[in-house]
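Engineer: Below is the file protein_11.pdb, which contains PDB, C-alpha atoms and all ligand atoms.
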MODEL        1
ATOM      1  CA  MET A   1     125.319  12.726 111.000  1.00  0.00           C
ATOM      2  CA  ASN A   2     122.875  15.511 110.415  1.00  0.00           C
ATOM      3  CA  LEU A   3     122.984  18.295 107.839  1.00  0.00           C
ATOM      4  CA  TYR A   4     124.554  20.735 110.313  1.00  0.00           C
ATOM      5  CA  ASP A   5     127.440  18.312 110.997  1.00  0.00           C
ATOM      6  CA  ILE A   6     128.030  17.744 107.291  1.00  0.00           C
ATOM      7  CA  ARG A   7     128.165  21.494 106.688  1.00  0.00           C
ATOM      8  CA  GLN A   8     130.522  21.990 109.633  1.00  0.00           C
ATOM      9  CA  ASN A   9     132.822  19.220 108.405  1.00  0.00           C
ATOM     10  CA  GLN A  10     132.943  20.878 104.973  1.00  0.00           C
ATOM     11  CA  ARG A  11     133.918  24.164 106.610  1.00  0.00           C
ATOM     12  CA  ILE A  12     136.583  22.461 108.703  1.00  0.00           C
ATOM     13  CA  SER A  13     138.031  20.721 105.625  1.00  0.00           C
ATOM     14  CA  LYS A  14     138.047  24.000 103.711  1.00  0.00           C
ATOM     15  CA  ALA A  15     139.751  25.792 106.597  1.00  0.00           C
ATOM     16  CA  GLN A  16     142.350  23.018 106.900  1.00  0.00           C
ATOM     17  CA  ALA A  17     143.110  23.204 103.165  1.00  0.00           C
ATOM     18  CA  GLU A  18     143.454  26.983 103.395  1.00  0.00           C
ATOM     19  CA  ASN A  19     145.726  26.558 106.403  1.00  0.00           C
ATOM     20  CA  LYS A  20     147.977  24.189 104.425  1.00  0.00           C
ATOM     21  CA  ARG A  21     148.172  26.665 101.508  1.00  0.00           C
ATOM     22  CA  THR A  22     149.009  29.476 103.903  1.00  0.00           C
ATOM     23  CA  ALA A  23     151.683  27.400 105.644  1.00  0.00           C
ATOM     24  CA  ARG A  24     153.199  26.541 102.245  1.00  0.00           C
ATOM     25  CA  ASN A  25     153.198  30.238 101.269  1.00  0.00           C
ATOM     26  CA  VAL A  26     154.879  31.165 104.553  1.00  0.00           C
ATOM     27  CA  GLN A  27     157.527  28.473 103.995  1.00  0.00           C
ATOM     28  CA  GLU A  28     158.198  29.723 100.454  1.00  0.00           C
ATOM     29  CA  SER A  29     158.424  33.308 101.701  1.00  0.00           C
ATOM     30  CA  GLN A  30     160.863  32.308 104.431  1.00  0.00           C
ATOM     31  CA  GLU A  31     163.002  30.493 101.855  1.00  0.00           C
ATOM     32  CA  SER A  32     162.972  33.557  99.597  1.00  0.00           C
ATOM     33  CA  ILE A  33     163.966  35.793 102.500  1.00  0.00           C
ATOM     34  CA  GLU A  34     166.846  33.453 103.362  1.00  0.00           C
ATOM     35  CA  GLU A  35     168.043  33.445  99.734  1.00  0.00           C
ATOM     36  CA  LEU A  36     167.909  37.247  99.681  1.00  0.00           C
ATOM     37  CA  ARG A  37     169.748  37.444 103.015  1.00  0.00           C
ATOM     38  CA  GLN A  38     172.517  35.218 101.643  1.00  0.00           C
ATOM     39  CA  SER A  39     172.704  37.293  98.448  1.00  0.00           C
ATOM     40  CA  VAL A  40     173.024  40.491 100.475  1.00  0.00           C
ATOM     41  CA  GLN A  41     175.777  38.897 102.577  1.00  0.00           C
ATOM     42  CA  LYS A  42     177.694  37.860  99.438  1.00  0.00           C
ATOM     43  CA  LEU A  43     177.279  41.299  97.891  1.00  0.00           C
ATOM     44  CA  SER A  44     178.465  42.902 101.106  1.00  0.00           C
ATOM     45  CA  LEU A  45     181.596  40.748 101.105  1.00  0.00           C
ATOM     46  CA  VAL A  46     182.247  41.530  97.441  1.00  0.00           C
ATOM     47  CA  CYS A  47     181.886  45.260  98.176  1.00  0.00           C
ATOM     48  CA  GLN A  48     184.312  44.997 101.086  1.00  0.00           C
ATOM     49  CA  ALA A  49     186.836  43.112  98.939  1.00  0.00           C
ATOM     50  CA  MET A  50     186.496  45.597  96.084  1.00  0.00           C
ATOM     51  CA  TRP A  51     186.919  48.535  98.451  1.00  0.00           C
ATOM     52  CA  GLN A  52     190.077  46.990  99.944  1.00  0.00           C
ATOM     53  CA  LEU A  53     191.525  46.446  96.480  1.00  0.00           C
ATOM     54  CA  LEU A  54     190.597  49.969  95.426  1.00  0.00           C
ATOM     55  CA  GLN A  55     192.101  51.498  98.553  1.00  0.00           C
ATOM     56  CA  THR A  56     195.402  49.679  98.115  1.00  0.00           C
ATOM     57  CA  THR A  57     195.687  50.477  94.410  1.00  0.00           C
ATOM     58  CA  SER A  58     194.284  54.020  94.306  1.00  0.00           C
ATOM     59  CA  GLY A  59     194.994  55.536  97.691  1.00  0.00           C
ATOM     60  CA  LEU A  60     191.345  56.536  98.202  1.00  0.00           C
ATOM     61  CA  SER A  61     190.338  56.963 101.840  1.00  0.00           C
ATOM     62  CA  ASP A  62     187.265  55.994 103.835  1.00  0.00           C
ATOM     63  CA  GLN A  63     186.385  59.698 103.849  1.00  0.00           C
ATOM     64  CA  ASP A  64     186.353  59.671 100.018  1.00  0.00           C
ATOM     65  CA  LEU A  65     183.973  56.724 100.111  1.00  0.00           C
ATOM     66  CA  LEU A  66     181.681  58.399 102.663  1.00  0.00           C
ATOM     67  CA  GLU A  67     181.515  61.611 100.665  1.00  0.00           C
ATOM     68  CA  THR A  68     180.679  59.683  97.488  1.00  0.00           C
ATOM     69  CA  LEU A  69     177.987  57.711  99.319  1.00  0.00           C
ATOM     70  CA  GLN A  70     176.458  60.906 100.688  1.00  0.00           C
ATOM     71  CA  SER A  71     176.479  62.440  97.230  1.00  0.00           C
ATOM     72  CA  ILE A  72     174.698  59.410  95.749  1.00  0.00           C
ATOM     73  CA  GLU A  73     172.192  59.350  98.603  1.00  0.00           C
ATOM     74  CA  GLN A  74     171.351  62.997  98.005  1.00  0.00           C
ATOM     75  CA  LYS A  75     170.833  62.367  94.288  1.00  0.00           C
ATOM     76  CA  ASN A  76     168.643  59.316  94.949  1.00  0.00           C
ATOM     77  CA  ALA A  77     166.663  60.741  97.840  1.00  0.00           C
ATOM     78  CA  ALA A  78     163.054  59.635  97.778  1.00  0.00           C
ATOM     79  CA  GLN A  79     160.358  62.265  97.456  1.00  0.00           C
ATOM     80  CA  ASN A  80     156.610  62.462  97.470  1.00  0.00           C
ATOM     81  CA  CYS A  81     154.798  63.343  94.277  1.00  0.00           C
ATOM     82  CA  SER A  82     153.151  66.737  94.717  1.00  0.00           C
ATOM     83  CA  LYS A  83     150.007  65.552  92.912  1.00  0.00           C
ATOM     84  CA  CYS A  84     149.338  61.955  94.037  1.00  0.00           C
ATOM     85  CA  GLY A  85     151.568  61.890  97.148  1.00  0.00           C
ATOM     86  CA  ARG A  86     153.206  58.545  96.397  1.00  0.00           C
ATOM     87  CA  VAL A  87     156.816  58.084  97.461  1.00  0.00           C
ATOM     88  CA  GLN A  88     159.389  57.254  94.824  1.00  0.00           C
ATOM     89  CA  GLN A  89     162.960  57.855  93.757  1.00  0.00           C
ATOM     90  CA  SER A  90     163.578  61.397  92.646  1.00  0.00           C
ATOM     91  CA  LYS A  91     165.951  60.235  89.916  1.00  0.00           C
ATOM     92  CA  LYS A  92     162.891  59.719  87.746  1.00  0.00           C
ATOM     93  CA  PRO A  93     161.887  62.849  85.833  1.00  0.00           C
ATOM     94  CA  HIS A  94     158.158  62.047  86.173  1.00  0.00           C
ATOM     95  CA  CYS A  95     155.928  60.366  88.764  1.00  0.00           C
ATOM     96  CA  LEU A  96     155.534  56.708  87.793  1.00  0.00           C
ATOM     97  CA  TYR A  97     151.925  56.727  88.975  1.00  0.00           C
ATOM     98  CA  CYS A  98     150.395  59.938  87.673  1.00  0.00           C
ATOM     99  CA  GLY A  99     153.038  61.372  85.321  1.00  0.00           C
ATOM    100  CA  THR A 100     153.571  64.640  87.155  1.00  0.00           C
ATOM    101  CA  ALA A 101     156.994  66.113  86.339  1.00  0.00           C
ATOM    102  CA  PHE A 102     159.334  66.430  89.294  1.00  0.00           C
ATOM    103  CA  PRO A 103     161.283  69.610  89.902  1.00  0.00           C
ATOM    104  CA  GLU A 104     164.276  69.569  87.577  1.00  0.00           C
ATOM    105  CA  GLU A 105     166.897  69.831  90.291  1.00  0.00           C
ATOM    106  CA  ALA A 106     165.551  66.621  91.844  1.00  0.00           C
ATOM    107  CA  SER A 107     165.989  64.555  88.691  1.00  0.00           C
ATOM    108  CA  THR A 108     169.198  63.140  87.301  1.00  0.00           C
ATOM    109  CA  MET A 109     168.541  65.106  84.100  1.00  0.00           C
ATOM    110  CA  SER A 110     170.056  68.114  85.840  1.00  0.00           C
ATOM    111  CA  CYS A 111     173.346  66.188  86.058  1.00  0.00           C
ATOM    112  CA  PHE A 112     173.673  66.298  82.289  1.00  0.00           C
ATOM    113  CA  LYS A 113     173.230  70.032  81.956  1.00  0.00           C
ATOM    114  CA  VAL A 114     176.284  72.085  81.154  1.00  0.00           C
TER
HETATM  115 ZN    ZN B   1     152.131  61.211  91.214  1.00  0.00          ZN
ENDMDL
END
Could I get this structure in the form of structure tokens?

Structural biologist:
Amino acid sequence: MNLYDIRQNQRISKAQAENKRTARNVQESQESIEELRQSVQKLSLVCQAMWQLLQTTSGLSDQDLLETLQSIEQKNAAQNCSKCGRVQQSKKPHCLYCGTAFPEEASTMSCFKV
């Protein structure tokens, strides 16, 4: 075995080790995704059960739920920072990245004004 072969074998071994680490990372990521998927499914079922209970005890309608959801979505709408351009939730009064203050009507602080 010459020097070139030895060097090539080292590269192959290194690549194989890297491949194993990558495969392990992919496996762990897939397991995490599956756990998250199951958590979302459980939360979805809990939300459905809670909504059924609430409807039967309070008389709220699906339309009430939709209007509330739309209201929350509007309050939590993402926006771009005017200075750094990064996207984030508008419920924060300042950009998390550069500190630029968001327009007051876009922050939840406006909800507390009388
Ligand atoms: Zn910013």

Engineer: At a cut-off of 9 Å, can you tabulate as CSV every residue of chain A near ligand ZN 1 (chain B) together with its closest atom pair and the distance in Å to one decimal, using all atoms listed in the file and ordering rows by chain then number?

Structural biologist:
residue,atom,partner,partner_atom,distance
A:Asn80,CA,B:ZN1,ZN,7.8
A:Cys81,CA,B:ZN1,ZN,4.6
A:Ser82,CA,B:ZN1,ZN,6.6
A:Lys83,CA,B:ZN1,ZN,5.1
A:Cys84,CA,B:ZN1,ZN,4.0
A:Gly85,CA,B:ZN1,ZN,6.0
A:Arg86,CA,B:ZN1,ZN,5.9
A:Val87,CA,B:ZN1,ZN,8.4
A:His94,CA,B:ZN1,ZN,7.9
A:Cys95,CA,B:ZN1,ZN,4.6
A:Leu96,CA,B:ZN1,ZN,6.6
A:Tyr97,CA,B:ZN1,ZN,5.0
A:Cys98,CA,B:ZN1,ZN,4.1
A:Gly99,CA,B:ZN1,ZN,6.0
A:Thr100,CA,B:ZN1,ZN,5.5
A:Ala101,CA,B:ZN1,ZN,8.5

Engineer: In Å, rounded to a single decimal, give me how far CA of Pro103 in chain A is from CA of Leu65 in chain A.

Structural biologist: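 Between CA of Leu65 in chain A and CA of Pro103 in chain A the gap works out to 28.0 Å.
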
Engineer: Centre and edge lengths, as AutoDock Vina command-line options, for the axis-aligned box enclosing every listed atom of range 80-83 of chain A with 6 Å of padding on each of the six sides, in Å to one decimal?

Structural biologist:
--center_x 153.3 --center_y 64.6 --center_z 95.2 --size_x 18.6 --size_y 16.3 --size_z 16.6

Engineer: Work out how far CA of Phe102 in chain A is from CA of Ala78 in chain A, in Å to one decimal.

Structural biologist: 11.5 Å

Engineer: How many Å separate CA of Ala15 in chain A from CA of Gln27 in chain A?

Structural biologist: 18.2 Å

Engineer: May I ask which of the residues A:Cys47, A:Asn25, A:Tyr4, A:Lys92 is the closest one to Lys75 in chain A, counting all atoms listed in the file?

Structural biologist: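 Ranked by minimum distance to Lys75 in chain A, first place goes to A:Lys92.
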
Engineer: Add whatever atoms are absent from range 54-74 of chain A to reach N, CA and C atoms, and provide the output as a PDB file, in the frame of the given file.

Structural biologist:
ATOM      1  N   LEU A  54     190.562  48.594  95.922  1.00  0.00           N
ATOM      2  CA  LEU A  54     190.597  49.969  95.426  1.00  0.00           C
ATOM      3  C   LEU A  54     191.439  50.863  96.323  1.00  0.00           C
ATOM      4  N   GLN A  55     191.307  50.680  97.630  1.00  0.00           N
ATOM      5  CA  GLN A  55     192.101  51.498  98.553  1.00  0.00           C
ATOM      6  C   GLN A  55     193.598  51.255  98.364  1.00  0.00           C
ATOM      7  N   THR A  56     193.968  49.980  98.222  1.00  0.00           N
ATOM      8  CA  THR A  56     195.402  49.679  98.115  1.00  0.00           C
ATOM      9  C   THR A  56     195.983  50.112  96.775  1.00  0.00           C
ATOM     10  N   THR A  57     195.153  50.118  95.728  1.00  0.00           N
ATOM     11  CA  THR A  57     195.687  50.477  94.410  1.00  0.00           C
ATOM     12  C   THR A  57     195.526  51.954  94.075  1.00  0.00           C
ATOM     13  N   SER A  58     194.550  52.631  94.706  1.00  0.00           N
ATOM     14  CA  SER A  58     194.284  54.020  94.306  1.00  0.00           C
ATOM     15  C   SER A  58     194.629  55.047  95.380  1.00  0.00           C
ATOM     16  N   GLY A  59     194.717  54.604  96.614  1.00  0.00           N
ATOM     17  CA  GLY A  59     194.994  55.536  97.691  1.00  0.00           C
ATOM     18  C   GLY A  59     193.769  56.284  98.177  1.00  0.00           C
ATOM     19  N   LEU A  60     192.568  55.886  97.717  1.00  0.00           N
ATOM     20  CA  LEU A  60     191.345  56.536  98.202  1.00  0.00           C
ATOM     21  C   LEU A  60     191.153  56.217  99.687  1.00  0.00           C
ATOM     22  N   SER A  61     190.542  57.155 100.406  1.00  0.00           N
ATOM     23  CA  SER A  61     190.338  56.963 101.840  1.00  0.00           C
ATOM     24  C   SER A  61     188.878  56.629 102.144  1.00  0.00           C
ATOM     25  N   ASP A  62     188.642  56.227 103.398  1.00  0.00           N
ATOM     26  CA  ASP A  62     187.265  55.994 103.835  1.00  0.00           C
ATOM     27  C   ASP A  62     186.441  57.273 103.718  1.00  0.00           C
ATOM     28  N   GLN A  63     187.088  58.413 103.968  1.00  0.00           N
ATOM     29  CA  GLN A  63     186.385  59.698 103.849  1.00  0.00           C
ATOM     30  C   GLN A  63     185.921  59.926 102.406  1.00  0.00           C
ATOM     31  N   ASP A  64     186.753  59.557 101.431  1.00  0.00           N
ATOM     32  CA  ASP A  64     186.353  59.671 100.018  1.00  0.00           C
ATOM     33  C   ASP A  64     185.105  58.830  99.758  1.00  0.00           C
ATOM     34  N   LEU A  65     185.116  57.626 100.302  1.00  0.00           N
ATOM     35  CA  LEU A  65     183.973  56.724 100.111  1.00  0.00           C
ATOM     36  C   LEU A  65     182.719  57.313 100.749  1.00  0.00           C
ATOM     37  N   LEU A  66     182.835  57.817 101.977  1.00  0.00           N
ATOM     38  CA  LEU A  66     181.681  58.399 102.663  1.00  0.00           C
ATOM     39  C   LEU A  66     181.117  59.589 101.903  1.00  0.00           C
ATOM     40  N   GLU A  67     181.985  60.441 101.412  1.00  0.00           N
ATOM     41  CA  GLU A  67     181.515  61.611 100.665  1.00  0.00           C
ATOM     42  C   GLU A  67     180.799  61.194  99.385  1.00  0.00           C
ATOM     43  N   THR A  68     181.330  60.168  98.711  1.00  0.00           N
ATOM     44  CA  THR A  68     180.679  59.683  97.488  1.00  0.00           C
ATOM     45  C   THR A  68     179.320  59.079  97.813  1.00  0.00           C
ATOM     46  N   LEU A  69     179.259  58.303  98.906  1.00  0.00           N
ATOM     47  CA  LEU A  69     177.987  57.711  99.319  1.00  0.00           C
ATOM     48  C   LEU A  69     176.956  58.793  99.624  1.00  0.00           C
ATOM     49  N   GLN A  70     177.379  59.818 100.353  1.00  0.00           N
ATOM     50  CA  GLN A  70     176.458  60.906 100.688  1.00  0.00           C
ATOM     51  C   GLN A  70     175.968  61.612  99.438  1.00  0.00           C
ATOM     52  N   SER A  71     176.855  61.793  98.488  1.00  0.00           N
ATOM     53  CA  SER A  71     176.479  62.440  97.230  1.00  0.00           C
ATOM     54  C   SER A  71     175.434  61.607  96.487  1.00  0.00           C
ATOM     55  N   ILE A  72     175.650  60.298  96.437  1.00  0.00           N
ATOM     56  CA  ILE A  72     174.698  59.410  95.749  1.00  0.00           C
ATOM     57  C   ILE A  72     173.361  59.385  96.490  1.00  0.00           C
ATOM     58  N   GLU A  73     173.429  59.358  97.816  1.00  0.00           N
ATOM     59  CA  GLU A  73     172.192  59.350  98.603  1.00  0.00           C
ATOM     60  C   GLU A  73     171.377  60.614  98.353  1.00  0.00           C
ATOM     61  N   GLN A  74     172.057  61.741  98.255  1.00  0.00           N
ATOM     62  CA  GLN A  74     171.351  62.997  98.005  1.00  0.00           C
ATOM     63  C   GLN A  74     170.689  62.982  96.625  1.00  0.00           C
TER      64      GLN A  74
END
